[in-house]
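These notes concern the structure reproduced below.
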Amino acid sequence: MTHVVIIGAYGSAGAAVAGELAPVDGIDLTLVDDGDPGGGLCILKGCMPSKEVLSAGAHRFQARHDERLVGDPPEVDLEATVERKDDHVLGWAQHRREGIHELAEYEGVDFVHATAEFVDNHTVRAGGRTFEADYVVVATGSTVYVPDTPGIETVDYMTSADVLDATELPDSGIVMGFGYIGMELVPYLAEAGGMELTVIEHDARPIDEADPAFGDAARDIYEANWDVEIPTNCYECELEPTDDGGVRLYVEFEDGSEQQYEADQLFCFTGRKPTLDGLGLAETSISTEGEWVSDTMQTVDADHVYAVGDVNGKEPILHVAKEQGFRAAQNILRQESGQQPLPYENVHHHVIFSGLGVYPFARVGHSEQSAREAGHEVVTATRQASDDGVFKSKDVSEGLAKLVVDATDGTVLGWQGLHYHADSFAKTLQVVVELGLDVRAIPDRAYHPTLPENLDGLVRDCVAKLEG
């Protein structure tokens, strides 16, 4: 029998590996997790609870934003919002745990509710027991990253987890970190909490992975619709408390000028880091410096140890974590049968629930910049949401979309959208991009009046450029 130990079985990546290997004859499986309650980051403190609270802010925003509705907009009841979020999270987490516990009913599968650590390259200790493993899968996820900005230890700060649990919020805040987490939570704080916010942006605009027009549009949407100031091209230099219990941040701009900002509260939305502490990796040959996990999901220093999901630092996205888990399970079976493990590859497919999810950003495949960098000659088409009357009719006319097509053969290489329901558009574009469809083969007949008429316009414009 081949023995596989999975450390972090409740998480999305670990659960994916477990689900693939549990039914396989000849595999003994030990599933280890110390979660209390277990369920993984996405369920407990990430994707799902954040969408839950964002929806409350979104409802208020859309009511406030529509001049056809009169009277004072309703307030968001933060206590009720958090209570409902917590109730749903408990249900989702219980479902995940039950799924893992059901796997433990297979012959040769054992679940251990404990913290795991390596004793050596092939030995794992958990719950007072020692397990000799032919393969180990590390799927311990990620934890909040707090930067070492001078003075940060002297001030109080809130992370994304704190915000999701907050039943009261102060009047003003300074936000460090304007990536995925910041893009989601900044308008929530402003809308649901009524806060005035200063958001530090290191670059010229947010959304690094997008073509510039999308980051510019996102900044415009935020500053126009909420009490948000976004200084750009600047870096945090030092933090200190104010006399009234608030926070003061000193920043330096790209041109050498300096500025200071004061607020009641500091928010650190500065990303996450792999959860490696306590694993006992010092007892193994595995170093986590640099690119320590290969594209096959095997660790560079020990090819029988796999690392999947956020812990490998490659692409901290839930569907990627699951796919990495599937590939790791497949590669363990290939490796055991003497076959070469296969690399994990995917098409870029990201969604940011910006603008309270009313104006989400999505990208599938290439941007124009990444397509050109990859050696493609391209034609592109860009349409504003306001170009299509249906967006105006729904009172969501802000934003834009862009299609990128190979100029030589018409293959759709990528799409970006920052507009109402762009997150739902992304699935259609995933099918188009991953199947390598020719833009001329895409039917131009969205039902009228529906939002995908915007996509029809992009297709027509690209076809005209190819045939012009």
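By convention here, the chains of the structure tokens are called A, B, ... in the order presented, each chain's residues are numbered starting at 1, and ligands are numbered starting at 1 in the order presented.
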
Would you mind writing down, as a ChimeraX atom specification, each residue of segment 84-196 of chain A that DSSP on the backbone assigns to alpha helix (DSSP H)?
-> /A:84-103,160-164,180-192

Next, write the just-selected residues to a file, as a short mmCIF file (atom, residue, chain, number, x, y, z; two decimals), in the first residue's frame, keeping N, CA and C atoms as the atom set.
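So again_10.cif came out as:
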data_model
loop_
_atom_site.label_atom_id
_atom_site.label_comp_id
_atom_site.auth_asym_id
_atom_site.auth_seq_id
_atom_site.Cartn_x
_atom_site.Cartn_y
_atom_site.Cartn_z
N ARG A 84 -25.68 37.37 10.19
CA ARG A 84 -26.09 36.52 9.07
C ARG A 84 -24.89 35.89 8.39
N LYS A 85 -23.82 36.68 8.26
CA LYS A 85 -22.58 36.14 7.68
C LYS A 85 -22.08 34.95 8.50
N ASP A 86 -22.04 35.12 9.81
CA ASP A 86 -21.55 34.04 10.67
C ASP A 86 -22.41 32.79 10.56
N ASP A 87 -23.72 32.98 10.49
CA ASP A 87 -24.63 31.84 10.38
C ASP A 87 -24.37 31.08 9.08
N HIS A 88 -24.22 31.81 7.99
CA HIS A 88 -23.96 31.15 6.71
C HIS A 88 -22.60 30.47 6.69
N VAL A 89 -21.59 31.14 7.26
CA VAL A 89 -20.25 30.56 7.30
C VAL A 89 -20.24 29.23 8.04
N LEU A 90 -20.95 29.19 9.17
CA LEU A 90 -21.00 27.94 9.93
C LEU A 90 -21.61 26.82 9.09
N GLY A 91 -22.64 27.14 8.31
CA GLY A 91 -23.26 26.13 7.45
C GLY A 91 -22.33 25.66 6.35
N TRP A 92 -21.66 26.62 5.69
CA TRP A 92 -20.73 26.24 4.63
C TRP A 92 -19.57 25.40 5.18
N ALA A 93 -19.05 25.81 6.34
CA ALA A 93 -17.93 25.09 6.92
C ALA A 93 -18.34 23.68 7.35
N GLN A 94 -19.53 23.56 7.90
CA GLN A 94 -20.00 22.23 8.29
C GLN A 94 -20.11 21.31 7.07
N HIS A 95 -20.59 21.87 5.97
CA HIS A 95 -20.69 21.07 4.74
C HIS A 95 -19.32 20.58 4.29
N ARG A 96 -18.31 21.45 4.36
CA ARG A 96 -16.96 21.05 3.97
C ARG A 96 -16.44 19.94 4.91
N ARG A 97 -16.60 20.13 6.21
CA ARG A 97 -16.11 19.15 7.16
C ARG A 97 -16.79 17.80 6.96
N GLU A 98 -18.10 17.85 6.74
CA GLU A 98 -18.82 16.59 6.53
C GLU A 98 -18.31 15.86 5.30
N GLY A 99 -17.94 16.63 4.27
CA GLY A 99 -17.40 16.00 3.07
C GLY A 99 -16.09 15.27 3.34
N ILE A 100 -15.23 15.90 4.15
CA ILE A 100 -13.96 15.27 4.50
C ILE A 100 -14.19 14.06 5.39
N HIS A 101 -15.10 14.18 6.34
CA HIS A 101 -15.37 13.06 7.25
C HIS A 101 -15.98 11.88 6.49
N GLU A 102 -16.76 12.17 5.46
CA GLU A 102 -17.31 11.08 4.64
C GLU A 102 -16.20 10.34 3.90
N LEU A 103 -15.18 11.08 3.47
CA LEU A 103 -14.05 10.41 2.81
C LEU A 103 -13.36 9.44 3.76
N SER A 160 -8.38 42.26 7.15
CA SER A 160 -9.63 41.88 6.50
C SER A 160 -10.50 41.03 7.42
N ALA A 161 -9.89 40.14 8.19
CA ALA A 161 -10.65 39.30 9.11
C ALA A 161 -11.37 40.14 10.15
N ASP A 162 -10.70 41.18 10.62
CA ASP A 162 -11.32 42.07 11.61
C ASP A 162 -12.51 42.82 11.01
N VAL A 163 -12.35 43.25 9.77
CA VAL A 163 -13.44 44.00 9.12
C VAL A 163 -14.67 43.11 8.94
N LEU A 164 -14.46 41.86 8.57
CA LEU A 164 -15.58 40.95 8.36
C LEU A 164 -16.37 40.70 9.64
N TYR A 180 -6.46 42.92 -4.33
CA TYR A 180 -7.79 42.29 -4.34
C TYR A 180 -8.57 42.61 -3.06
N ILE A 181 -7.91 42.47 -1.90
CA ILE A 181 -8.60 42.65 -0.63
C ILE A 181 -9.04 44.10 -0.46
N GLY A 182 -8.11 45.02 -0.71
CA GLY A 182 -8.44 46.42 -0.58
C GLY A 182 -9.52 46.87 -1.55
N MET A 183 -9.44 46.39 -2.79
CA MET A 183 -10.46 46.76 -3.78
C MET A 183 -11.85 46.33 -3.33
N GLU A 184 -11.93 45.21 -2.63
CA GLU A 184 -13.23 44.74 -2.14
C GLU A 184 -13.69 45.52 -0.92
N LEU A 185 -12.80 45.70 0.06
CA LEU A 185 -13.24 46.18 1.36
C LEU A 185 -13.29 47.70 1.49
N VAL A 186 -12.54 48.42 0.66
CA VAL A 186 -12.58 49.89 0.75
C VAL A 186 -14.00 50.42 0.54
N PRO A 187 -14.70 50.07 -0.53
CA PRO A 187 -16.06 50.61 -0.67
C PRO A 187 -17.03 50.07 0.38
N TYR A 188 -16.76 48.89 0.92
CA TYR A 188 -17.61 48.38 2.01
C TYR A 188 -17.47 49.27 3.24
N LEU A 189 -16.24 49.60 3.60
CA LEU A 189 -16.03 50.48 4.74
C LEU A 189 -16.69 51.84 4.52
N ALA A 190 -16.58 52.34 3.30
CA ALA A 190 -17.13 53.66 2.99
C ALA A 190 -18.66 53.65 2.95
N GLU A 191 -19.22 52.60 2.37
CA GLU A 191 -20.67 52.54 2.20
C GLU A 191 -21.37 52.04 3.45
N ALA A 192 -20.96 50.89 3.95
CA ALA A 192 -21.63 50.30 5.11
C ALA A 192 -21.25 51.01 6.40
#

Would you list the contacts of segment 435-450 of chain A as a ChimeraX atom specification, taking every protein, DNA or RNA residue within 9 Å and counting only C-alpha atoms, but skipping same-chain residues closer than 4 positions in sequence?
-> /A:389-391,405-406,409-413,430-431,454-457,459-460,462-463

Could you write out the selected residues, including C-alpha atoms, as a PDB file, in the first residue's frame?
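Output (out01.pdb):
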ATOM      1  CA  GLY A 389     -28.309  51.388 -23.631  1.00  0.00           C
ATOM      2  CA  VAL A 390     -29.130  48.403 -21.452  1.00  0.00           C
ATOM      3  CA  PHE A 391     -26.450  49.435 -18.935  1.00  0.00           C
ATOM      4  CA  VAL A 405      -7.703  38.930 -30.743  1.00  0.00           C
ATOM      5  CA  ASP A 406      -4.762  37.444 -32.630  1.00  0.00           C
ATOM      6  CA  ASP A 409      -5.794  33.922 -37.293  1.00  0.00           C
ATOM      7  CA  GLY A 410      -8.604  35.583 -35.346  1.00  0.00           C
ATOM      8  CA  THR A 411      -8.158  33.530 -32.165  1.00  0.00           C
ATOM      9  CA  VAL A 412      -9.626  35.255 -29.127  1.00  0.00           C
ATOM     10  CA  LEU A 413      -6.677  35.686 -26.763  1.00  0.00           C
ATOM     11  CA  GLN A 430     -13.422  31.389 -20.370  1.00  0.00           C
ATOM     12  CA  VAL A 431     -15.123  28.981 -22.778  1.00  0.00           C
ATOM     13  CA  ASN A 454     -21.640  44.716 -25.061  1.00  0.00           C
ATOM     14  CA  LEU A 455     -19.777  41.539 -25.993  1.00  0.00           C
ATOM     15  CA  ASP A 456     -21.508  41.468 -29.379  1.00  0.00           C
ATOM     16  CA  GLY A 457     -20.166  44.956 -30.014  1.00  0.00           C
ATOM     17  CA  VAL A 459     -16.880  40.905 -31.453  1.00  0.00           C
ATOM     18  CA  ARG A 460     -18.197  43.012 -34.349  1.00  0.00           C
ATOM     19  CA  CYS A 462     -12.703  43.002 -33.870  1.00  0.00           C
ATOM     20  CA  VAL A 463     -14.114  41.187 -36.904  1.00  0.00           C
TER      21      VAL A 463
END

Contacts of Ala104 of chain A within 8 Å, only C-alpha atoms, excl. fewer than 4 positions in-chain, as a list of chain:residue names =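 Those residues are A:Ala22, A:Leu31, A:Ile100, A:Val109, A:Asp110, A:Phe111.
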
Residue nearest Tyr261 of chain A - candidates A:Gly417, A:Pro231, A:Gly399, A:Gly468, atoms counted: only C-alpha atoms |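 Using only C-alpha atoms, the shortest distance to Tyr261 of chain A belongs to A:Pro231.
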
Which residues, written as a PyMOL selection string, have at least one atom at most 12 Å from Val351 of chain A, with only C-alpha atoms counted and residues fewer than 6 positions away on the same chain left out?
-> chain A and resi 47+179-181+183-184+207+209-210+317-319+357+359-365+415-419+421-427+430
